[in-house]
file structure26.cif (mmCIF, C-alpha atoms)
data_my_file
loop_
_atom_site.group_PDB
_atom_site.id
_atom_site.type_symbol
_atom_site.label_atom_id
_atom_site.label_comp_id
_atom_site.auth_asym_id
_atom_site.auth_seq_id
_atom_site.Cartn_x
_atom_site.Cartn_y
_atom_site.Cartn_z
ATOM 1 C CA MET A 1 111.970 21.464 95.159
ATOM 2 C CA THR A 2 109.109 19.150 94.201
ATOM 3 C CA GLU A 3 109.662 16.440 91.603
ATOM 4 C CA GLU A 4 107.103 18.075 89.284
ATOM 5 C CA ARG A 5 108.908 21.403 89.465
ATOM 6 C CA ALA A 6 112.301 19.721 89.031
ATOM 7 C CA LYS A 7 111.019 17.787 86.005
ATOM 8 C CA ARG A 8 109.776 20.967 84.338
ATOM 9 C CA GLU A 9 112.793 23.122 85.200
ATOM 10 C CA ILE A 10 115.428 20.532 84.326
ATOM 11 C CA GLY A 11 113.652 19.609 81.087
ATOM 12 C CA GLU A 12 113.470 23.280 80.092
ATOM 13 C CA TRP A 13 117.119 23.766 81.049
ATOM 14 C CA ILE A 14 118.202 20.791 78.892
ATOM 15 C CA VAL A 15 116.404 22.245 75.870
ATOM 16 C CA SER A 16 117.626 25.816 76.337
ATOM 17 C CA THR A 17 121.260 24.876 77.005
ATOM 18 C CA THR A 18 121.275 22.531 74.005
ATOM 19 C CA LEU A 19 119.855 25.228 71.749
ATOM 20 C CA ALA A 20 122.498 27.623 73.080
ATOM 21 C CA GLY A 21 125.166 25.238 71.762
ATOM 22 C CA SER A 22 126.410 23.456 74.881
ATOM 23 C CA ASN A 23 128.182 20.167 74.314
ATOM 24 C CA GLU A 24 127.181 16.812 75.783
ATOM 25 C CA VAL A 25 129.602 16.990 78.721
ATOM 26 C CA ALA A 26 128.229 20.391 79.757
ATOM 27 C CA ILE A 27 124.644 19.178 79.348
ATOM 28 C CA LEU A 28 125.153 16.055 81.450
ATOM 29 C CA THR A 29 127.156 17.954 84.068
ATOM 30 C CA GLY A 30 124.334 20.479 84.373
ATOM 31 C CA VAL A 31 121.732 17.722 84.648
ATOM 32 C CA GLY A 32 123.687 15.908 87.379
ATOM 33 C CA GLU A 33 124.231 19.087 89.364
ATOM 34 C CA ARG A 34 120.615 20.211 89.016
ATOM 35 C CA LEU A 35 119.244 16.829 90.037
ATOM 36 C CA ASN A 36 121.502 16.751 93.109
ATOM 37 C CA ALA A 37 120.360 20.275 94.017
ATOM 38 C CA ALA A 38 116.748 19.076 93.641
ATOM 39 C CA GLY A 39 117.356 16.286 96.165
ATOM 40 C CA VAL A 40 118.152 13.355 93.867
ATOM 41 C CA SER A 41 121.441 12.165 95.330
ATOM 42 C CA LEU A 42 123.334 10.984 92.260
ATOM 43 C CA VAL A 43 126.866 9.645 92.357
ATOM 44 C CA ARG A 44 127.047 8.819 88.649
ATOM 45 C CA VAL A 45 125.183 9.510 85.414
ATOM 46 C CA SER A 46 126.162 7.973 82.087
ATOM 47 C CA VAL A 47 124.809 8.416 78.560
ATOM 48 C CA ALA A 48 125.824 6.508 75.439
ATOM 49 C CA THR A 49 124.747 6.875 71.828
ATOM 50 C CA ASP A 50 125.679 5.486 68.422
ATOM 51 C CA LEU A 51 127.778 7.540 66.013
ATOM 52 C CA LEU A 52 127.795 7.773 62.244
ATOM 53 C CA ASP A 53 131.561 7.410 62.013
ATOM 54 C CA PRO A 54 133.817 4.924 60.202
ATOM 55 C CA THR A 55 136.078 4.401 63.227
ATOM 56 C CA PHE A 56 133.906 4.824 66.305
ATOM 57 C CA ASP A 57 130.720 2.924 67.069
ATOM 58 C CA GLY A 58 129.529 5.118 69.869
ATOM 59 C CA ARG A 59 130.229 7.834 72.337
ATOM 60 C CA GLY A 60 129.746 7.903 76.061
ATOM 61 C CA VAL A 61 129.478 10.848 78.389
ATOM 62 C CA ARG A 62 129.752 10.329 82.103
ATOM 63 C CA TRP A 63 129.263 12.610 85.075
ATOM 64 C CA LEU A 64 130.622 11.672 88.509
ATOM 65 C CA ARG A 65 129.581 13.676 91.553
ATOM 66 C CA ASP A 66 133.152 14.078 92.787
ATOM 67 C CA GLN A 67 134.909 14.436 89.414
ATOM 68 C CA GLY A 68 132.606 16.167 86.940
ATOM 69 C CA GLY A 69 132.012 15.193 83.322
ATOM 70 C CA LEU A 70 134.071 13.381 80.715
ATOM 71 C CA GLU A 71 133.606 11.956 77.228
ATOM 72 C CA GLU A 72 134.843 8.744 75.642
ATOM 73 C CA THR A 73 134.406 7.029 72.298
ATOM 74 C CA PHE A 74 133.981 3.322 71.636
ATOM 75 C CA GLU A 75 135.874 1.849 68.691
ATOM 76 C CA ARG A 76 134.255 -0.599 66.297
ATOM 77 C CA ASP A 77 135.675 -3.532 64.405
ATOM 78 C CA ASP A 78 135.333 -4.366 60.687
ATOM 79 C CA GLU A 79 131.878 -5.839 61.301
ATOM 80 C CA GLY A 80 130.747 -2.614 62.965
ATOM 81 C CA THR A 81 130.604 -4.034 66.506
ATOM 82 C CA ILE A 82 131.838 -2.223 69.602
ATOM 83 C CA VAL A 83 135.355 -3.465 70.384
ATOM 84 C CA SER A 84 135.164 -3.108 74.181
ATOM 85 C CA GLU A 85 135.326 -6.482 75.929
ATOM 86 C CA ASN A 86 132.899 -5.413 78.608
ATOM 87 C CA PHE A 87 130.160 -3.791 76.538
ATOM 88 C CA PRO A 88 128.150 -6.937 75.686
ATOM 89 C CA GLN A 89 128.134 -7.895 79.385
ATOM 90 C CA SER A 90 127.292 -4.391 80.573
ATOM 91 C CA PRO A 91 123.835 -3.137 81.555
ATOM 92 C CA PHE A 92 123.796 -0.988 78.371
ATOM 93 C CA GLY A 93 124.714 -4.015 76.245
ATOM 94 C CA PHE A 94 121.907 -5.974 77.924
ATOM 95 C CA LEU A 95 119.343 -3.235 77.224
ATOM 96 C CA LEU A 96 120.329 -2.989 73.568
ATOM 97 C CA ARG A 97 120.287 -6.787 73.057
ATOM 98 C CA SER A 98 117.063 -7.388 74.947
ATOM 99 C CA GLY A 99 115.113 -4.431 73.586
ATOM 100 C CA GLN A 100 113.881 -3.681 77.094
ATOM 101 C CA PRO A 101 113.448 0.043 77.810
ATOM 102 C CA THR A 102 114.451 -0.096 81.498
ATOM 103 C CA LEU A 103 116.835 -1.950 83.790
ATOM 104 C CA ARG A 104 116.895 -1.437 87.536
ATOM 105 C CA ARG A 105 119.040 -3.177 90.093
ATOM 106 C CA ARG A 106 118.964 -2.412 93.796
ATOM 107 C CA LEU A 107 122.507 -2.991 94.960
ATOM 108 C CA ASP A 108 121.562 -3.973 98.493
ATOM 109 C CA ALA A 109 121.753 -7.353 100.247
ATOM 110 C CA THR A 110 119.241 -8.809 97.741
ATOM 111 C CA TYR A 111 121.446 -8.046 94.715
ATOM 112 C CA ARG A 112 122.651 -11.136 92.840
ATOM 113 C CA ARG A 113 126.355 -10.505 92.246
ATOM 114 C CA GLY A 114 127.881 -11.715 89.010
ATOM 115 C CA GLU A 115 125.123 -10.577 86.683
ATOM 116 C CA PHE A 116 126.972 -7.407 85.699
ATOM 117 C CA GLU A 117 130.626 -6.946 86.689
ATOM 118 C CA MET A 118 130.176 -3.170 86.567
ATOM 119 C CA LEU A 119 127.340 -3.273 89.100
ATOM 120 C CA ASP A 120 129.382 -5.545 91.382
ATOM 121 C CA ARG A 121 132.068 -2.822 91.419
ATOM 122 C CA PHE A 122 129.460 -0.130 92.030
ATOM 123 C CA GLN A 123 128.083 -2.082 94.991
ATOM 124 C CA ASP A 124 131.630 -2.355 96.390
ATOM 125 C CA GLN A 125 131.916 1.456 96.051
ATOM 126 C CA GLY A 126 128.716 2.079 98.041
ATOM 127 C CA VAL A 127 126.195 2.515 95.219
ATOM 128 C CA THR A 128 122.787 1.295 96.427
ATOM 129 C CA ASP A 129 120.563 1.622 93.354
ATOM 130 C CA TYR A 130 121.178 1.598 89.591
ATOM 131 C CA LEU A 131 118.602 2.590 86.987
ATOM 132 C CA ALA A 132 119.061 2.610 83.200
ATOM 133 C CA PHE A 133 116.767 3.665 80.363
ATOM 134 C CA SER A 134 117.100 2.978 76.658
ATOM 135 C CA VAL A 135 115.195 5.457 74.490
ATOM 136 C CA ARG A 136 114.800 4.814 70.754
ATOM 137 C CA VAL A 137 113.818 7.459 68.226
ATOM 138 C CA GLY A 138 111.663 6.999 65.145
ATOM 139 C CA GLU A 139 113.287 5.735 61.969
ATOM 140 C CA THR A 140 112.461 8.921 60.030
ATOM 141 C CA ILE A 141 114.635 11.074 62.309
ATOM 142 C CA ARG A 142 117.613 8.739 62.626
ATOM 143 C CA LEU A 143 120.915 9.637 61.060
ATOM 144 C CA GLY A 144 122.745 6.479 60.047
ATOM 145 C CA VAL A 145 122.962 4.016 62.895
ATOM 146 C CA GLY A 146 122.008 6.523 65.604
ATOM 147 C CA GLU A 147 118.847 4.995 67.050
ATOM 148 C CA GLY A 148 118.624 6.834 70.350
ATOM 149 C CA ILE A 149 120.414 6.913 73.685
ATOM 150 C CA THR A 150 120.913 4.774 76.742
ATOM 151 C CA ALA A 151 121.344 6.511 80.082
ATOM 152 C CA SER A 152 122.018 5.285 83.604
ATOM 153 C CA TRP A 153 121.644 6.839 87.024
ATOM 154 C CA ALA A 154 123.251 5.654 90.275
ATOM 155 C CA THR A 155 122.743 6.700 93.887
ATOM 156 C CA ASP A 156 124.306 5.905 97.233
ATOM 157 C CA VAL A 157 121.260 6.764 99.349
ATOM 158 C CA PRO A 158 120.627 3.791 101.687
ATOM 159 C CA ASP A 159 117.096 3.056 100.412
ATOM 160 C CA GLY A 160 117.890 3.815 96.758
ATOM 161 C CA PHE A 161 115.674 5.868 94.467
ATOM 162 C CA PRO A 162 112.135 6.450 95.726
ATOM 163 C CA SER A 163 109.431 5.957 93.072
ATOM 164 C CA THR A 164 108.976 9.735 92.667
ATOM 165 C CA GLN A 165 112.647 10.096 91.701
ATOM 166 C CA VAL A 166 112.423 7.175 89.266
ATOM 167 C CA GLU A 167 109.486 8.981 87.656
ATOM 168 C CA LEU A 168 111.491 12.237 87.546
ATOM 169 C CA LEU A 169 114.444 10.550 85.834
ATOM 170 C CA ALA A 170 112.128 8.845 83.333
ATOM 171 C CA ALA A 171 110.389 12.158 82.657
ATOM 172 C CA ILE A 172 113.573 14.008 81.654
ATOM 173 C CA MET A 173 114.701 11.227 79.297
ATOM 174 C CA PRO A 174 112.846 12.609 76.229
ATOM 175 C CA ALA A 175 114.536 16.031 76.539
ATOM 176 C CA LEU A 176 117.913 14.399 77.211
ATOM 177 C CA THR A 177 117.457 12.102 74.203
ATOM 178 C CA LEU A 178 116.650 15.019 71.894
ATOM 179 C CA ALA A 179 119.629 16.973 73.206
ATOM 180 C CA PHE A 180 122.079 14.112 72.663
ATOM 181 C CA MET A 181 120.639 13.180 69.271
ATOM 182 C CA LEU A 182 120.907 16.806 68.107
ATOM 183 C CA ARG A 183 124.485 17.138 69.358
ATOM 184 C CA THR A 184 125.459 13.761 67.866
ATOM 185 C CA THR A 185 124.233 14.709 64.400
ATOM 186 C CA HIS A 186 126.403 17.821 64.551
#
call {"tool": "encode", "arguments": {"input": "structure26.cif", "output": "structure tokens"}}
result
Amino acid sequence: MTEERAKREIGEWIVSTTLAGSNEVAILTGVGERLNAAGVSLVRVSVATDLLDPTFDGRGVRWLRDQGGLEETFERDDEGTIVSENFPQSPFGFLLRSGQPTLRRRLDATYRRGEFEMLDRFQDQGVTDYLAFSVRVGETIRLGVGEGITASWATDVPDGFPSTQVELLAAIMPALTLAFMLRTTH
């Protein structure tokens, strides 16, 4: 399947399955499976978003090629900050602090270990390329603190993601953001 066709079909699938009422785990599982079937060899996909909730700051959904999908919530303290020790030092924490829309790290021999503990572990597990996007939505459509989503993609293909696959992943981010924002508000 060509990247253009995959972009169109996966984007349409995200919208239709979201409108049909699928939850975030089912959406991300379907995206991971469809991308793998289209030739994008993913080992892990992760999406996180803020929540309008007095106890939880955010929610994460993860899909692992060998395990499927799962959901987790991130508690917040009295100041409204995520309680997890690792979040500020994570790639997602970096993207949110820096305001940068994209983070990519090739986990090959050129990778500088120690920048992100999580990526060090991924490299040890055979991951070769890590790509994350942070997508923000306009203020007029936000509900509370929900400003958008952050998503990451990891592969174990020796040469990492080719540029056409990076473009494909970037292209489905708007549909994935709308799906997660819609599900989060409900």
call {"tool": "closest_residue", "arguments": {"input": "structure26.cif", "among": "A:Ala171, A:Leu178, A:Val127, A:Ala132", "to": "A:Asp159", "atoms": "all atoms listed in the file"}}
result
A:Val127
call {"tool": "residues_around", "arguments": {"input": "structure26.cif", "residues": "stretch 21-38 of chain A", "least_positions_apart": "2", "cutoff": "10 Å", "atoms": "all atoms listed in the file", "output": "JSON, numbers by chain"}}
result
{"A": [1, 2, 3, 5, 6, 7, 9, 10, 11, 13, 14, 15, 16, 17, 18, 19, 40, 41, 42, 43, 44, 45, 46, 47, 60, 61, 62, 63, 64, 65, 68, 69, 70, 71, 153, 165, 168, 169, 172, 176, 179, 180, 181, 182, 183, 184]}
call {"tool": "write_last_selection", "arguments": {"input": "structure26.cif", "atoms": "C-alpha atoms", "output": "compact mmCIF listing (two decimals), in the frame of the given file"}}
result
# COMPACT_ATOMS: atom_id res chain seq x y z
CA MET A 1 111.97 21.46 95.16
CA THR A 2 109.11 19.15 94.20
CA GLU A 3 109.66 16.44 91.60
CA ARG A 5 108.91 21.40 89.46
CA ALA A 6 112.30 19.72 89.03
CA LYS A 7 111.02 17.79 86.00
CA GLU A 9 112.79 23.12 85.20
CA ILE A 10 115.43 20.53 84.33
CA GLY A 11 113.65 19.61 81.09
CA TRP A 13 117.12 23.77 81.05
CA ILE A 14 118.20 20.79 78.89
CA VAL A 15 116.40 22.24 75.87
CA SER A 16 117.63 25.82 76.34
CA THR A 17 121.26 24.88 77.00
CA THR A 18 121.28 22.53 74.00
CA LEU A 19 119.86 25.23 71.75
CA VAL A 40 118.15 13.36 93.87
CA SER A 41 121.44 12.16 95.33
CA LEU A 42 123.33 10.98 92.26
CA VAL A 43 126.87 9.64 92.36
CA ARG A 44 127.05 8.82 88.65
CA VAL A 45 125.18 9.51 85.41
CA SER A 46 126.16 7.97 82.09
CA VAL A 47 124.81 8.42 78.56
CA GLY A 60 129.75 7.90 76.06
CA VAL A 61 129.48 10.85 78.39
CA ARG A 62 129.75 10.33 82.10
CA TRP A 63 129.26 12.61 85.08
CA LEU A 64 130.62 11.67 88.51
CA ARG A 65 129.58 13.68 91.55
CA GLY A 68 132.61 16.17 86.94
CA GLY A 69 132.01 15.19 83.32
CA LEU A 70 134.07 13.38 80.72
CA GLU A 71 133.61 11.96 77.23
CA TRP A 153 121.64 6.84 87.02
CA GLN A 165 112.65 10.10 91.70
CA LEU A 168 111.49 12.24 87.55
CA LEU A 169 114.44 10.55 85.83
CA ILE A 172 113.57 14.01 81.65
CA LEU A 176 117.91 14.40 77.21
CA ALA A 179 119.63 16.97 73.21
CA PHE A 180 122.08 14.11 72.66
CA MET A 181 120.64 13.18 69.27
CA LEU A 182 120.91 16.81 68.11
CA ARG A 183 124.48 17.14 69.36
CA THR A 184 125.46 13.76 67.87
call {"tool": "atom_distance", "arguments": {"input": "structure26.cif", "atom1": "atom CA of A:Thr164", "atom2": "atom CA of A:Gly39"}}
result
11.2 Å
call {"tool": "residues_around", "arguments": {"input": "structure26.cif", "residues": "A:Val135", "least_positions_apart": "5", "cutoff": "8 Å", "atoms": "only C-alpha atoms", "output": "JSON, numbers by chain"}}
result
{"A": [101, 148, 149, 150, 173, 174, 177]}
call {"tool": "resolve_selection", "arguments": {"input": "structure26.cif", "expression": "the PyMOL selection byres ((chain A and resi 115) around 12)", "output": "PyMOL selection string"}}
result
chain A and resi 88-91+94+105+107+111-114+116-121
call {"tool": "atom_distance", "arguments": {"input": "structure26.cif", "atom1": "atom CA of A:Arg136", "atom2": "atom CA of A:Thr49"}}
result
10.2 Å
call {"tool": "atom_distance", "arguments": {"input": "structure26.cif", "atom1": "atom CA of A:Asp66", "atom2": "atom CA of A:Asp108"}}
result
22.2 Å
call {"tool": "closest_residue", "arguments": {"input": "structure26.cif", "among": "A:Ala170, A:Ala109, A:Ala175, A:Leu95", "to": "A:Gln123", "atoms": "only C-alpha atoms"}}
result
A:Ala109
call {"tool": "closest_residue", "arguments": {"input": "structure26.cif", "among": "A:Thr110, A:Leu103, A:Phe92, A:Glu167", "to": "A:Thr128", "atoms": "only C-alpha atoms"}}
result
A:Thr110
call {"tool": "closest_residue", "arguments": {"input": "structure26.cif", "among": "A:Thr102, A:Glu12, A:Ala20, A:Gly93", "to": "A:Phe133", "atoms": "all atoms listed in the file"}}
result
A:Thr102
